[in-house]
Every structure is written in C-alpha cells, then in structure tokens.
$ cat target_29.csv   # CSV, C-alpha atoms
chain,number,residue,atom,x,y,z
A,229,MET,CA,-68.0,-52.6,-39.9
A,230,ALA,CA,-66.1,-54.2,-37.0
A,231,LYS,CA,-65.2,-57.9,-37.4
A,232,GLN,CA,-68.0,-60.5,-37.2
A,233,LEU,CA,-68.7,-61.9,-33.7
A,234,TYR,CA,-69.2,-65.7,-33.7
A,235,PHE,CA,-71.2,-67.9,-31.2
A,236,GLU,CA,-68.0,-69.7,-30.3
A,237,ASP,CA,-66.3,-66.5,-29.3
A,238,VAL,CA,-68.9,-65.6,-26.7
A,239,VAL,CA,-68.1,-66.3,-23.1
A,240,VAL,CA,-70.9,-66.4,-20.5
A,241,GLY,CA,-70.2,-63.7,-17.9
A,242,SER,CA,-68.0,-61.6,-20.2
A,243,ASP,CA,-68.6,-57.9,-20.8
A,244,ILE,CA,-70.0,-56.5,-24.0
A,245,PRO,CA,-67.8,-53.6,-25.2
A,246,THR,CA,-69.0,-50.4,-23.5
A,247,ILE,CA,-70.1,-47.4,-25.6
A,248,VAL,CA,-70.3,-43.9,-24.3
A,249,LYS,CA,-72.8,-41.5,-25.8
A,250,HIS,CA,-72.6,-37.7,-25.5
A,251,PRO,CA,-76.2,-36.5,-25.9
A,252,THR,CA,-76.8,-32.8,-26.4
A,253,THR,CA,-80.1,-30.8,-26.5
A,254,ARG,CA,-79.5,-30.6,-30.3
A,255,GLN,CA,-79.4,-34.4,-30.4
A,256,LEU,CA,-82.7,-34.6,-28.6
A,257,VAL,CA,-84.2,-32.2,-31.2
A,258,MET,CA,-82.9,-34.4,-34.0
A,259,TRP,CA,-84.4,-37.4,-32.3
A,260,ALA,CA,-87.7,-35.6,-31.8
A,261,GLY,CA,-87.9,-34.8,-35.5
A,262,ALA,CA,-86.7,-38.2,-36.7
A,263,SER,CA,-89.1,-40.1,-34.5
A,264,SER,CA,-91.9,-37.5,-34.5
A,265,ASP,CA,-92.0,-37.4,-30.7
A,266,TYR,CA,-92.6,-33.8,-30.0
A,267,ASN,CA,-93.2,-33.9,-26.3
A,268,GLU,CA,-91.7,-30.6,-25.0
A,269,ILE,CA,-90.1,-32.1,-21.9
A,270,HIS,CA,-87.3,-33.1,-24.3
A,271,TYR,CA,-86.4,-29.7,-25.6
A,272,ASP,CA,-88.3,-26.9,-23.8
A,273,LYS,CA,-86.7,-26.3,-20.4
A,274,ASP,CA,-89.7,-24.3,-19.1
A,275,VAL,CA,-92.1,-27.1,-19.8
A,276,ALA,CA,-89.7,-29.6,-18.1
A,277,LEU,CA,-89.3,-27.4,-15.0
A,278,ALA,CA,-93.1,-27.0,-14.8
A,279,GLN,CA,-93.3,-30.8,-14.6
A,280,ASN,CA,-90.9,-31.0,-11.7
A,281,MET,CA,-88.0,-32.2,-13.8
A,282,PRO,CA,-84.5,-30.6,-13.2
A,283,GLY,CA,-84.3,-29.8,-16.9
A,284,VAL,CA,-85.1,-31.4,-20.3
A,285,ILE,CA,-84.7,-35.1,-20.3
A,286,ILE,CA,-83.6,-37.7,-22.8
A,287,HIS,CA,-86.3,-39.6,-24.7
A,288,GLY,CA,-86.7,-43.1,-23.4
A,289,TRP,CA,-86.7,-44.3,-27.0
A,290,LEU,CA,-83.3,-42.5,-27.6
A,291,THR,CA,-81.8,-44.3,-24.6
A,292,ALA,CA,-83.3,-47.6,-26.0
A,293,SER,CA,-81.7,-46.7,-29.3
A,294,TYR,CA,-78.3,-46.3,-27.6
A,295,LEU,CA,-78.7,-49.7,-26.1
A,296,CYS,CA,-79.6,-51.2,-29.4
A,297,GLN,CA,-76.5,-49.5,-30.9
A,298,LEU,CA,-74.4,-51.3,-28.3
A,299,LEU,CA,-76.0,-54.6,-29.4
A,300,THR,CA,-76.1,-54.3,-33.2
A,301,GLY,CA,-72.6,-53.0,-33.2
A,302,TRP,CA,-71.4,-55.9,-31.1
A,303,ILE,CA,-73.2,-58.8,-33.0
A,304,GLY,CA,-72.2,-57.5,-36.5
A,305,ASP,CA,-73.9,-57.9,-39.8
A,306,GLU,CA,-74.5,-61.6,-39.5
A,307,GLY,CA,-76.0,-61.4,-36.0
A,308,THR,CA,-79.6,-60.8,-35.4
A,309,LEU,CA,-81.3,-58.9,-32.6
A,310,LYS,CA,-84.4,-61.0,-31.8
A,311,LYS,CA,-85.7,-59.5,-28.5
A,312,PHE,CA,-85.1,-56.4,-26.5
A,313,SER,CA,-86.8,-55.2,-23.3
A,314,VAL,CA,-86.0,-52.1,-21.4
A,315,ALA,CA,-87.4,-50.5,-18.3
A,316,PHE,CA,-87.2,-46.7,-17.9
A,317,ARG,CA,-86.4,-46.2,-14.2
A,318,GLY,CA,-84.7,-42.8,-14.1
A,319,MET,CA,-84.1,-39.6,-16.0
A,320,LEU,CA,-81.0,-39.0,-18.2
A,321,PHE,CA,-80.0,-35.5,-19.2
A,322,PRO,CA,-78.3,-33.9,-22.2
A,323,GLY,CA,-74.8,-32.6,-21.5
A,324,GLN,CA,-74.1,-35.7,-19.4
A,325,ASP,CA,-72.6,-38.9,-20.8
A,326,VAL,CA,-74.8,-42.0,-21.1
A,327,ILE,CA,-72.7,-45.1,-20.6
A,328,CYS,CA,-74.1,-48.3,-22.2
A,329,LYS,CA,-72.8,-51.5,-20.8
A,330,GLY,CA,-73.7,-55.2,-20.9
A,331,LYS,CA,-72.8,-58.7,-20.0
A,332,VAL,CA,-73.5,-62.1,-21.5
A,333,SER,CA,-75.8,-64.0,-19.2
A,334,LYS,CA,-76.5,-67.2,-21.1
A,335,LYS,CA,-75.7,-69.0,-24.4
A,336,TYR,CA,-77.5,-72.0,-25.9
A,337,THR,CA,-78.5,-73.6,-29.2
A,338,GLN,CA,-82.2,-74.1,-29.9
A,339,ASN,CA,-83.9,-75.2,-33.2
A,340,LYS,CA,-80.4,-74.9,-34.8
A,341,GLU,CA,-80.2,-71.3,-33.8
A,342,ASN,CA,-77.2,-70.0,-31.7
A,343,LEU,CA,-78.7,-67.8,-29.1
A,344,VAL,CA,-77.2,-65.5,-26.6
A,345,GLU,CA,-79.0,-63.7,-23.7
A,346,CYS,CA,-77.5,-60.5,-22.4
A,347,GLU,CA,-78.1,-58.1,-19.6
A,348,ILE,CA,-77.5,-54.5,-20.7
A,349,TRP,CA,-78.1,-51.1,-19.2
A,350,ALA,CA,-77.6,-47.4,-19.5
A,351,GLU,CA,-75.8,-45.5,-16.7
A,352,ASN,CA,-75.5,-41.9,-15.8
A,353,PRO,CA,-72.0,-40.5,-14.8
A,354,LYS,CA,-72.7,-41.4,-11.2
A,355,GLY,CA,-73.0,-45.1,-12.2
A,356,GLU,CA,-76.7,-45.3,-11.5
A,357,LYS,CA,-78.5,-47.7,-13.8
A,358,THR,CA,-81.4,-45.8,-15.1
A,359,ALA,CA,-82.4,-48.1,-17.9
A,360,PRO,CA,-81.9,-51.8,-17.2
A,361,ALA,CA,-82.5,-54.0,-20.2
A,362,THR,CA,-82.3,-57.6,-21.5
A,363,ALA,CA,-81.7,-58.8,-25.0
A,364,LEU,CA,-81.7,-62.1,-27.0
A,365,VAL,CA,-79.5,-62.2,-30.1
A,366,SER,CA,-78.6,-65.0,-32.5
A,367,LEU,CA,-75.1,-65.4,-33.9
A,368,PRO,CA,-73.5,-67.3,-36.7
A,369,SER,CA,-71.3,-70.3,-36.0
A,370,LYS,CA,-67.7,-70.8,-37.3
A,371,ALA,CA,-68.6,-74.4,-38.0
B,107,MET,CA,-113.4,-43.6,-14.5
B,108,THR,CA,-113.8,-46.5,-12.1
B,109,VAL,CA,-111.5,-49.5,-11.8
B,110,ASP,CA,-114.0,-51.6,-13.6
B,111,GLU,CA,-114.4,-49.1,-16.4
B,112,LEU,CA,-110.6,-49.0,-16.8
B,113,LYS,CA,-110.3,-52.8,-16.9
B,114,LYS,CA,-113.0,-53.0,-19.6
B,115,LEU,CA,-110.6,-51.2,-21.9
B,116,VAL,CA,-108.5,-54.4,-22.2
B,117,GLY,CA,-108.9,-55.7,-25.7
B,118,HIS,CA,-109.7,-52.3,-27.2
B,119,GLU,CA,-108.2,-52.0,-30.7
B,120,PHE,CA,-107.0,-48.7,-32.2
B,121,LYS,CA,-107.3,-47.7,-35.8
B,122,PRO,CA,-104.4,-49.2,-37.7
B,123,VAL,CA,-101.9,-46.9,-39.5
B,124,VAL,CA,-99.9,-47.5,-42.6
B,125,TYR,CA,-96.4,-46.1,-43.3
B,126,GLU,CA,-94.2,-46.4,-46.3
B,127,VAL,CA,-90.5,-46.7,-45.2
B,128,GLU,CA,-88.3,-44.0,-46.7
B,129,LYS,CA,-84.6,-44.3,-47.0
B,130,GLY,CA,-84.1,-40.8,-45.9
B,131,ALA,CA,-86.2,-41.4,-42.7
B,132,ILE,CA,-84.0,-44.3,-41.8
B,133,LYS,CA,-80.8,-42.3,-42.3
B,134,LYS,CA,-82.2,-39.3,-40.3
B,135,LEU,CA,-83.1,-41.5,-37.4
B,136,THR,CA,-79.7,-43.2,-37.5
B,137,LEU,CA,-78.0,-39.7,-37.5
B,138,ALA,CA,-80.1,-38.7,-34.5
B,139,ILE,CA,-78.8,-41.8,-32.6
B,140,GLN,CA,-75.3,-41.0,-33.9
B,141,ASP,CA,-74.9,-44.7,-34.6
B,142,PRO,CA,-72.0,-45.2,-37.0
B,143,ASN,CA,-73.2,-48.6,-38.2
B,144,PRO,CA,-73.0,-48.6,-42.0
B,145,LEU,CA,-75.8,-51.1,-42.3
B,146,PHE,CA,-78.2,-48.3,-41.5
B,147,GLN,CA,-76.8,-45.6,-43.7
B,148,ASP,CA,-74.1,-46.6,-46.2
B,149,GLU,CA,-75.9,-47.9,-49.3
B,150,ALA,CA,-72.7,-49.1,-51.1
B,151,TYR,CA,-71.7,-51.0,-48.0
B,152,ALA,CA,-75.1,-52.4,-47.3
B,153,LYS,CA,-75.5,-53.7,-50.9
B,154,LYS,CA,-72.7,-56.2,-50.3
B,155,THR,CA,-74.3,-57.6,-47.2
B,156,LYS,CA,-77.0,-60.4,-47.0
B,157,PHE,CA,-79.6,-57.6,-46.8
B,158,GLY,CA,-78.8,-56.1,-50.2
B,159,SER,CA,-79.8,-52.7,-49.0
B,160,ILE,CA,-79.7,-50.5,-45.9
B,161,ILE,CA,-82.0,-51.7,-43.1
B,162,SER,CA,-83.5,-49.7,-40.3
B,163,PRO,CA,-82.1,-49.6,-36.8
B,164,PRO,CA,-84.2,-51.6,-34.3
B,165,THR,CA,-85.9,-48.6,-32.7
B,166,PHE,CA,-87.0,-47.2,-36.1
B,167,ILE,CA,-90.4,-48.8,-35.4
B,168,SER,CA,-90.9,-46.1,-32.7
B,169,SER,CA,-91.2,-43.5,-35.4
B,170,PHE,CA,-94.4,-45.1,-36.8
B,171,ARG,CA,-96.6,-42.8,-34.8
B,172,MET,CA,-100.2,-43.8,-33.9
B,173,THR,CA,-101.7,-40.6,-32.6
B,174,GLU,CA,-104.7,-42.4,-31.1
B,175,ALA,CA,-102.7,-45.1,-29.4
B,176,ASP,CA,-99.9,-42.8,-28.4
B,177,GLU,CA,-102.2,-40.4,-26.6
B,178,TRP,CA,-105.0,-42.5,-25.2
B,179,MET,CA,-103.4,-43.1,-21.8
B,180,MET,CA,-103.1,-39.4,-21.1
B,181,LYS,CA,-106.7,-38.8,-22.2
B,182,LEU,CA,-108.2,-41.2,-19.7
B,183,ASN,CA,-110.5,-39.3,-17.3
B,184,VAL,CA,-108.7,-40.2,-14.1
B,185,PRO,CA,-107.2,-38.1,-11.2
B,186,GLN,CA,-103.7,-39.3,-11.8
B,187,LYS,CA,-102.2,-36.5,-13.9
B,188,ARG,CA,-98.7,-37.7,-14.6
B,189,GLY,CA,-97.9,-40.3,-17.2
B,190,VAL,CA,-94.8,-42.1,-18.1
B,191,ASN,CA,-93.5,-44.8,-20.5
B,192,ALA,CA,-92.3,-47.4,-18.0
B,193,GLY,CA,-90.7,-49.6,-20.6
B,194,VAL,CA,-90.9,-51.4,-23.9
B,195,ASP,CA,-90.5,-55.0,-25.0
B,196,LEU,CA,-89.6,-55.5,-28.6
B,197,GLU,CA,-89.5,-58.6,-30.8
B,198,PHE,CA,-88.0,-58.6,-34.3
B,199,PHE,CA,-88.7,-61.2,-37.0
B,200,LYS,CA,-87.6,-59.6,-40.3
B,201,PRO,CA,-85.5,-56.5,-41.2
B,202,ILE,CA,-87.4,-53.4,-42.3
B,203,LYS,CA,-86.0,-51.9,-45.5
B,204,PRO,CA,-86.7,-48.8,-47.6
B,205,GLY,CA,-89.8,-49.2,-49.7
B,206,ASP,CA,-91.5,-51.5,-47.2
B,207,VAL,CA,-95.1,-50.6,-46.4
B,208,ILE,CA,-95.8,-51.3,-42.8
B,209,THR,CA,-99.2,-51.6,-41.2
B,210,VAL,CA,-99.3,-51.1,-37.5
B,211,ASN,CA,-102.1,-52.6,-35.4
B,212,ALA,CA,-102.4,-51.8,-31.7
B,213,LYS,CA,-104.6,-52.9,-28.8
B,214,VAL,CA,-104.8,-52.5,-25.1
B,215,THR,CA,-103.6,-55.7,-23.4
B,216,GLU,CA,-103.4,-54.8,-19.7
B,217,MET,CA,-105.0,-52.3,-17.4
B,218,ASP,CA,-104.9,-52.4,-13.7
B,219,VAL,CA,-104.9,-50.1,-10.6
B,220,LYS,CA,-102.1,-50.7,-8.1
B,221,GLU,CA,-101.1,-49.2,-4.8
B,222,GLY,CA,-98.0,-47.1,-5.3
B,223,LYS,CA,-95.8,-45.0,-3.0
B,224,SER,CA,-97.9,-41.9,-3.6
B,225,GLY,CA,-101.4,-43.5,-3.8
B,226,GLN,CA,-103.1,-45.4,-6.6
B,227,MET,CA,-101.3,-45.9,-9.9
B,228,ILE,CA,-102.8,-47.0,-13.2
B,229,VAL,CA,-100.6,-49.5,-15.0
B,230,SER,CA,-101.3,-50.4,-18.6
B,231,ALA,CA,-99.8,-52.2,-21.6
B,232,THR,CA,-100.5,-51.9,-25.2
B,233,GLU,CA,-99.3,-54.2,-27.9
B,234,ARG,CA,-98.4,-53.2,-31.5
B,235,THR,CA,-97.9,-55.5,-34.4
B,236,TYR,CA,-95.9,-54.4,-37.5
B,237,THR,CA,-96.8,-56.2,-40.7
B,238,ASN,CA,-95.1,-55.6,-44.1
B,239,GLN,CA,-96.6,-55.5,-47.6
B,240,LYS,CA,-96.1,-59.3,-48.0
B,241,GLY,CA,-98.2,-59.9,-44.9
B,242,GLU,CA,-95.2,-60.9,-42.8
B,243,ILE,CA,-95.1,-59.8,-39.2
B,244,VAL,CA,-91.8,-57.9,-39.0
B,245,ALA,CA,-91.9,-56.8,-35.4
B,246,LYS,CA,-94.0,-56.6,-32.2
B,247,MET,CA,-93.8,-54.1,-29.4
B,248,ARG,CA,-95.3,-54.0,-26.0
B,249,ILE,CA,-95.4,-50.6,-24.3
B,250,ARG,CA,-95.8,-50.4,-20.5
B,251,GLY,CA,-97.4,-47.2,-19.3
B,252,MET,CA,-98.0,-45.8,-15.8
B,253,ARG,CA,-100.2,-42.9,-14.5
B,254,PHE,CA,-99.7,-41.7,-11.0

$ encode --input "target_29.csv" --output "structure tokens"
Amino acid sequence: MAKQLYFEDVVVGSDIPTIVKHPTTRQLVMWAGASSDYNEIHYDKDVALAQNMPGVIIHGWLTASYLCQLLTGWIGDEGTLKKFSVAFRGMLFPGQDVICKGKVSKKYTQNKENLVECEIWAENPKGEKTAPATALVSLPSKA
Amino acid sequence: MTVDELKKLVGHEFKPVVYEVEKGAIKKLTLAIQDPNPLFQDEAYAKKTKFGSIISPPTFISSFRMTEADEWMMKLNVPQKRGVNAGVDLEFFKPIKPGDVITVNAKVTEMDVKEGKSGQMIVSATERTYTNQKGEIVAKMRIRGMRF
C-alpha cells in the first residue's frame, strides 16, 4: 500500500488526495449483489424512469464506499477511520465520473489519540457536491 | 397513520439478525467498490499487518441486511409515497474480520413530521449496533430516512 501517513504530516486546510471513480451499470449490479441491495432503481432503467429519475442511479452506499476508499487509502494501514457521516443530497449516475475530494478541517490530541477531522465530498462532473460528508480518523505519530 | 401514531414508533426494536462474515463476501464487496486497498483483499499482504488477516472495508456493514428494518419505512401507512435514504452516520470501534459472527440490533430513534417544499415530510432515524462473537461492539450506524 501507499506509504504511511503520520499525524505530524497532516496540515489543517490541506487537501486529501482526490480519487476519481468511473462507475458503470455493471459496477452497480456488482454492488447490488455484494451488498444485497436489490432496489431496481439501480439497474432497471424502466423502473428508474417510472420513479421520475433520469435513469438508473448510483446506490448511496456505493458513493459512501467511494468516500471511505478516499479515507482508508489516505490514512494507511496504521490509521483508523473512527467516524463517518454522509448526507445523500443528489443523484449520481453510472457512465459519469464521481470525483471524491476532501480537506483537513482540524487536528488535535485527545486521550493520547492523534485525531484528524476532515470534510469530504463526492462531486459529479459539473462540480456539484451531491454527497457532503465528514470523518474523524486517528493517525500514528512519528514520535 | 397520525403524527402521534408515528411518534409512538420511537423506541421500537426490530428482530436482531446474525451474520457470519465470509472472506469471499468481503472480497466481493471490495471488488464492487473497485478499491485497490490490499488490506481488504490480499491475504499474504494483510497477514503482515497488525490485523493479521484481511479486514472488511468500512461500508461492509451495509451488507448485513435486516429485511424488517430495511423495509419498515416504506411499509408505513402514510400518504407520502416516495422514500429516500437521506444519509448515514457510522462509528467504528473494532475491525471486522473473516470468521466473525456479527449480531445486528436495530431500533427506531427518531420520527417526526416536518413541513417540506412539497408538503409534509416524514423524517426518521434508526440506529443499528453491530456486536461480534466476543460481545464487543464493533460498529454503530444511524440511518436517516425521509418520506415525501
């Protein structure tokens, strides 16, 4: 895996390295099977259209998974994701990139734990934040 | 259902479910995310980490389906026909590994009727607690739902 991130390396206000996901309808079917979420709005266009959606939409949980990928990839094996909250505000569609971004909002030490708060979000190609989220992670120290 | 009847649902507990965590299920979910992180799929790699084996990606807990709790919001006898998952709050305490046996308990924690753009909306929250075979709470989840 990528090199370990340490608490000392984290600068408040800095960006978390962006990841770009390329979801396809096939990917949504894989998520449906792996997570046992068989709601047809995620793979049957007729059902999605009948529910006034422009087409099949990405599972909220898959978007949440992309955001968790951003975090767990960034904090490395010695980092721990402690809290994660996401709001599903808008629809994301297969065939369009989902861009996952984030920023460090706060860092502090509490009960000997090195904690970092982040603001993260998923964007569509127009730059609209459809899934704003926050996270709390703990990181190892170099000391 | 009246607003009072809806509010009385707060505290309602669903029947718990128990799941045994399979290695293949973790890998399949990781593949669906297309997450290259070896911790979730490469056993030789994961063996050398502090975990000693692969662990599940954070959102693996969403695959522990609870039919009753998953569907109750849509089964409420109310005029609002559309339902959405408005968001989730997750808290993690311990990694989930292959072979773990996870019990999921769920209850309704919030229920309210609010004025929205297109009339009255029903907002709700349910909380789920994930406990492993050692009795340790490994994760908690709060799901915010909306009907409008």

$ atom_distance --input "target_29.csv" --atom1 "CA of Lys133 in chain B" --atom2 "CA of Ser169 in chain B"
12.5 Å

$ residues_around --input "target_29.csv" --residues "Val123 in chain B" --least-positions-apart "3" --cutoff "9 Å" --atoms "all atoms listed in the file" --output "count of residues only"
7

$ residues_around --input "target_29.csv" --residues "Ile228 in chain B" --least-positions-apart "4" --cutoff "10 Å" --atoms "all atoms listed in the file" --output "count of residues only"
16

$ interface_residues --input "target_29.csv" --of "chain B" --to "chain A" --cutoff "10 Å" --atoms "all atoms listed in the file" --output "MDAnalysis selection string"
chainID B and resid 130:145 151:152 155:157 163:171 176 188 190:201 245:250

$ closest_residue --input "target_29.csv" --among "A:Val284, A:Leu367, A:Ala350, A:Val332" --to "Val240 in chain A" --atoms "only C-alpha atoms"
A:Val332

$ residues_around --input "target_29.csv" --residues "Cys328 in chain A" --least-positions-apart "3" --cutoff "6 Å" --atoms "only C-alpha atoms" --output "ChimeraX atom specification"
/A:246-247,349-350

$ atom_distance --input "target_29.csv" --atom1 "CA of Lys334 in chain A" --atom2 "CA of Val239 in chain A"
8.7 Å

$ atom_distance --input "target_29.csv" --atom1 "CA of Ser366 in chain A" --atom2 "CA of Tyr336 in chain A"
9.7 Å

$ residues_near_point --input "target_29.csv" --point "(-73.3, -36.7, -18.1)" --cutoff "10 Å" --atoms "only C-alpha atoms" --output "number ranges by chain"
A: 248-252, 320-327, 351-354

$ write_last_selection --input "target_29.csv" --atoms "C-alpha atoms" --output "PDB file, in the frame of the given file"
ATOM      1  CA  VAL A 248     -70.300 -43.900 -24.300  1.00  0.00           C
ATOM      2  CA  LYS A 249     -72.800 -41.500 -25.800  1.00  0.00           C
ATOM      3  CA  HIS A 250     -72.600 -37.700 -25.500  1.00  0.00           C
ATOM      4  CA  PRO A 251     -76.200 -36.500 -25.900  1.00  0.00           C
ATOM      5  CA  THR A 252     -76.800 -32.800 -26.400  1.00  0.00           C
ATOM      6  CA  LEU A 320     -81.000 -39.000 -18.200  1.00  0.00           C
ATOM      7  CA  PHE A 321     -80.000 -35.500 -19.200  1.00  0.00           C
ATOM      8  CA  PRO A 322     -78.300 -33.900 -22.200  1.00  0.00           C
ATOM      9  CA  GLY A 323     -74.800 -32.600 -21.500  1.00  0.00           C
ATOM     10  CA  GLN A 324     -74.100 -35.700 -19.400  1.00  0.00           C
ATOM     11  CA  ASP A 325     -72.600 -38.900 -20.800  1.00  0.00           C
ATOM     12  CA  VAL A 326     -74.800 -42.000 -21.100  1.00  0.00           C
ATOM     13  CA  ILE A 327     -72.700 -45.100 -20.600  1.00  0.00           C
ATOM     14  CA  GLU A 351     -75.800 -45.500 -16.700  1.00  0.00           C
ATOM     15  CA  ASN A 352     -75.500 -41.900 -15.800  1.00  0.00           C
ATOM     16  CA  PRO A 353     -72.000 -40.500 -14.800  1.00  0.00           C
ATOM     17  CA  LYS A 354     -72.700 -41.400 -11.200  1.00  0.00           C
TER      18      LYS A 354
END

$ closest_residue --input "target_29.csv" --among "B:Ile202, B:Ser159, B:Glu233, B:Lys187" --to "Glu216 in chain B" --atoms "all atoms listed in the file"
B:Glu233

$ closest_residue --input "target_29.csv" --among "B:Asp110, B:Val127, B:Leu115, B:Glu149" --to "Ser230 in chain B" --atoms "only C-alpha atoms"
B:Leu115

$ closest_residue --input "target_29.csv" --among "A:Tyr266, A:Phe235, A:Tyr271, A:Trp302" --to "Ser369 in chain A" --atoms "only C-alpha atoms"
A:Phe235

$ build_atoms --input "target_29.csv" --residues "range 222-235 of chain B" --atoms "N, CA and C atoms" --output "PDB file, in the frame of the given file"
ATOM      1  N   GLY B 222     -99.343 -47.554  -5.153  1.00  0.00           N
ATOM      2  CA  GLY B 222     -98.000 -47.100  -5.300  1.00  0.00           C
ATOM      3  C   GLY B 222     -97.535 -46.320  -4.079  1.00  0.00           C
ATOM      4  N   LYS B 223     -96.323 -45.770  -4.142  1.00  0.00           N
ATOM      5  CA  LYS B 223     -95.800 -45.000  -3.000  1.00  0.00           C
ATOM      6  C   LYS B 223     -96.652 -43.759  -2.746  1.00  0.00           C
ATOM      7  N   SER B 224     -97.156 -43.149  -3.808  1.00  0.00           N
ATOM      8  CA  SER B 224     -97.900 -41.900  -3.600  1.00  0.00           C
ATOM      9  C   SER B 224     -99.401 -42.145  -4.016  1.00  0.00           C
ATOM     10  N   GLY B 225     -99.979 -43.259  -3.553  1.00  0.00           N
ATOM     11  CA  GLY B 225    -101.400 -43.500  -3.800  1.00  0.00           C
ATOM     12  C   GLY B 225    -101.560 -44.493  -4.996  1.00  0.00           C
ATOM     13  N   GLN B 226    -102.784 -44.469  -5.547  1.00  0.00           N
ATOM     14  CA  GLN B 226    -103.100 -45.400  -6.600  1.00  0.00           C
ATOM     15  C   GLN B 226    -102.474 -45.087  -7.934  1.00  0.00           C
ATOM     16  N   MET B 227    -101.865 -46.079  -8.561  1.00  0.00           N
ATOM     17  CA  MET B 227    -101.300 -45.900  -9.900  1.00  0.00           C
ATOM     18  C   MET B 227    -102.065 -46.736 -10.883  1.00  0.00           C
ATOM     19  N   ILE B 228    -102.138 -46.220 -12.090  1.00  0.00           N
ATOM     20  CA  ILE B 228    -102.800 -47.000 -13.200  1.00  0.00           C
ATOM     21  C   ILE B 228    -101.636 -47.581 -14.004  1.00  0.00           C
ATOM     22  N   VAL B 229    -101.629 -48.893 -14.131  1.00  0.00           N
ATOM     23  CA  VAL B 229    -100.600 -49.500 -15.000  1.00  0.00           C
ATOM     24  C   VAL B 229    -101.306 -50.108 -16.203  1.00  0.00           C
ATOM     25  N   SER B 230    -100.680 -49.954 -17.351  1.00  0.00           N
ATOM     26  CA  SER B 230    -101.300 -50.400 -18.600  1.00  0.00           C
ATOM     27  C   SER B 230    -100.259 -50.992 -19.510  1.00  0.00           C
ATOM     28  N   ALA B 231    -100.713 -51.752 -20.486  1.00  0.00           N
ATOM     29  CA  ALA B 231     -99.800 -52.200 -21.600  1.00  0.00           C
ATOM     30  C   ALA B 231    -100.607 -52.188 -22.854  1.00  0.00           C
ATOM     31  N   THR B 232     -99.947 -51.751 -23.908  1.00  0.00           N
ATOM     32  CA  THR B 232    -100.500 -51.900 -25.200  1.00  0.00           C
ATOM     33  C   THR B 232     -99.567 -52.663 -26.100  1.00  0.00           C
ATOM     34  N   GLU B 233    -100.121 -53.405 -27.037  1.00  0.00           N
ATOM     35  CA  GLU B 233     -99.300 -54.200 -27.900  1.00  0.00           C
ATOM     36  C   GLU B 233     -99.471 -53.722 -29.357  1.00  0.00           C
ATOM     37  N   ARG B 234     -98.366 -53.624 -30.076  1.00  0.00           N
ATOM     38  CA  ARG B 234     -98.400 -53.200 -31.500  1.00  0.00           C
ATOM     39  C   ARG B 234     -97.783 -54.299 -32.334  1.00  0.00           C
ATOM     40  N   THR B 235     -98.410 -54.555 -33.470  1.00  0.00           N
ATOM     41  CA  THR B 235     -97.900 -55.500 -34.400  1.00  0.00           C
ATOM     42  C   THR B 235     -97.590 -54.831 -35.721  1.00  0.00           C
TER      43      THR B 235
END
